[in-house]
Amino acid sequence: MKRKVLTTMTILLVISAFVSLFLINETKSSSVSDNISKGIILQSTARVKQTKCVNASGFQLPTTNPAVLSDHGFGSVLVFSDETADYDNGRVTIKVPKDIDSTVQPILLIDWSCPTADPTSDSVKIRWEVGYIWLANDESSDATSGVSKAQSVTANYNVSTIANGLVESSVQLADYASTDKYLVANIARRSDATPDTGTSVAANILGACLYYTKDRLGEPL
C-alpha cells in the first residue's frame, strides 16, 4: 500500500513539474502558442550577438584609387598601400539580416593586418576611414543615394605586436532603422594623414563583418 502511495505521489510531482514549465511566465522566458491562420507562434525576449561577414574577395573595387586584391597566406586580402595622395579604397555591401534587433545599433568589424609589428609602444598605427549609408526600399541606390544620410567615421588603430598579426577593429555605426535593407560602406586607408604611421608598408584587409544584436526568433510574422 505504501509503495502504491509513494509511486502515485512521484507521478503527481513529475506531472506538476512538467506543467509548471508551461505556466511560468517570466520576462526572459519563451512561449509557444497556436494560431489557426499562422500555425505555431514563438514569442521571446532572448537576444544574442551575431555576425554577417564578407571576405576580401567579396569587396567591390572602385575605378579610382582602388585597393589591390592579392593572395596572402591561406586566402586573399585587399592591399592598401602607403600613399601620400590618392589613398586606396575598397567597398563592401552587406545585406541586413532578417533577425536583427533594430533597437540596437550594429557595429562594423574590420579584420586586417600589417607586415610591420608595433614595438609595444603604440607607435605604429593605421588610419581607417569608413564612409557608409543605409539603404531602404524605394531609396536611390546609385551614386546619389543617401547623400543626406551619409555617415563617416575616421580613427587610428594600432597594428599587432607581431608581424602580419590579425587585428579586429570596431567601428560603431549609427542611424540604422528597421526599414533599412543594406549597409553600403567604403573603407579607405588615410595614409595621406599624419596619424597613419605605417610608413612604406601596406595594410591588408581580410574581410569585414556586420556585428549585430540578433532576435533569436527572427523576424516577427
# chains A, B, ... in the order shown; residues from 1 in each chain; ligands from 1
$ select_by_dssp --residues "range 70-127 of chain A" --states "strand (DSSP E)" --output "list in words"
Ser70, Asp71, His72, Gly75, Ser76, Val77, Leu78, Val79, Phe80, Asn89, Gly90, Arg91, Val92, Thr93, Ile94, Lys95, Ile107, Leu108, Leu109, Ile110, Asp111, Trp112, Ser113, Lys125, Ile126 and Arg127 of chain A
$ closest_residue --among "A:Val48, A:Ala155, A:Ala185, A:Val171" --to "Asp99 in chain A" --atoms "only C-alpha atoms"
A:Val48
$ atom_distance --atom1 "CA of Ala174 in chain A" --atom2 "CA of Gln105 in chain A"
6.1 Å
$ select_by_dssp --residues "range 20-218 of chain A" --states "helix (DSSP H, G or I)" --output "ChimeraX atom specification"
/A:20-23,56-58,147-149
$ write_last_selection --atoms "C-alpha atoms" --output "compact mmCIF listing (two decimals), in the first residue's frame"
# COMPACT_ATOMS: atom_id res chain seq x y z
CA SER A 20 4.86 24.32 -14.45
CA LEU A 21 7.27 24.67 -17.35
CA PHE A 22 4.39 25.99 -19.43
CA LEU A 23 2.71 28.06 -16.73
CA ALA A 56 38.30 40.31 -49.16
CA SER A 57 37.24 38.78 -52.48
CA GLY A 58 33.66 39.90 -51.82
CA VAL A 147 23.58 61.81 -49.65
CA SER A 148 21.65 63.34 -46.78
CA LYS A 149 22.12 60.24 -44.58
$ closest_residue --among "A:Ile100, A:Pro66, A:Ala136, A:Tyr87" --to "Thr51 in chain A" --atoms "only C-alpha atoms"
A:Ile100
$ residues_around --residues "Gly131 in chain A" --least-positions-apart "6" --cutoff "6 Å" --atoms "only C-alpha atoms" --output "list in words"
Gln151, Ser152, Ala185 and Asn186 of chain A
$ closest_residue --among "A:Gln50, A:Thr179, A:Thr84, A:Asn89" --to "Thr64 in chain A" --atoms "only C-alpha atoms"
A:Asn89
$ residues_around --residues "range 67-74 of chain A" --least-positions-apart "6" --cutoff "6 Å" --atoms "only C-alpha atoms" --output "ChimeraX atom specification"
/A:80,88-90
$ atom_distance --atom1 "CA of Ile162 in chain A" --atom2 "CA of Leu206 in chain A"
16.5 Å
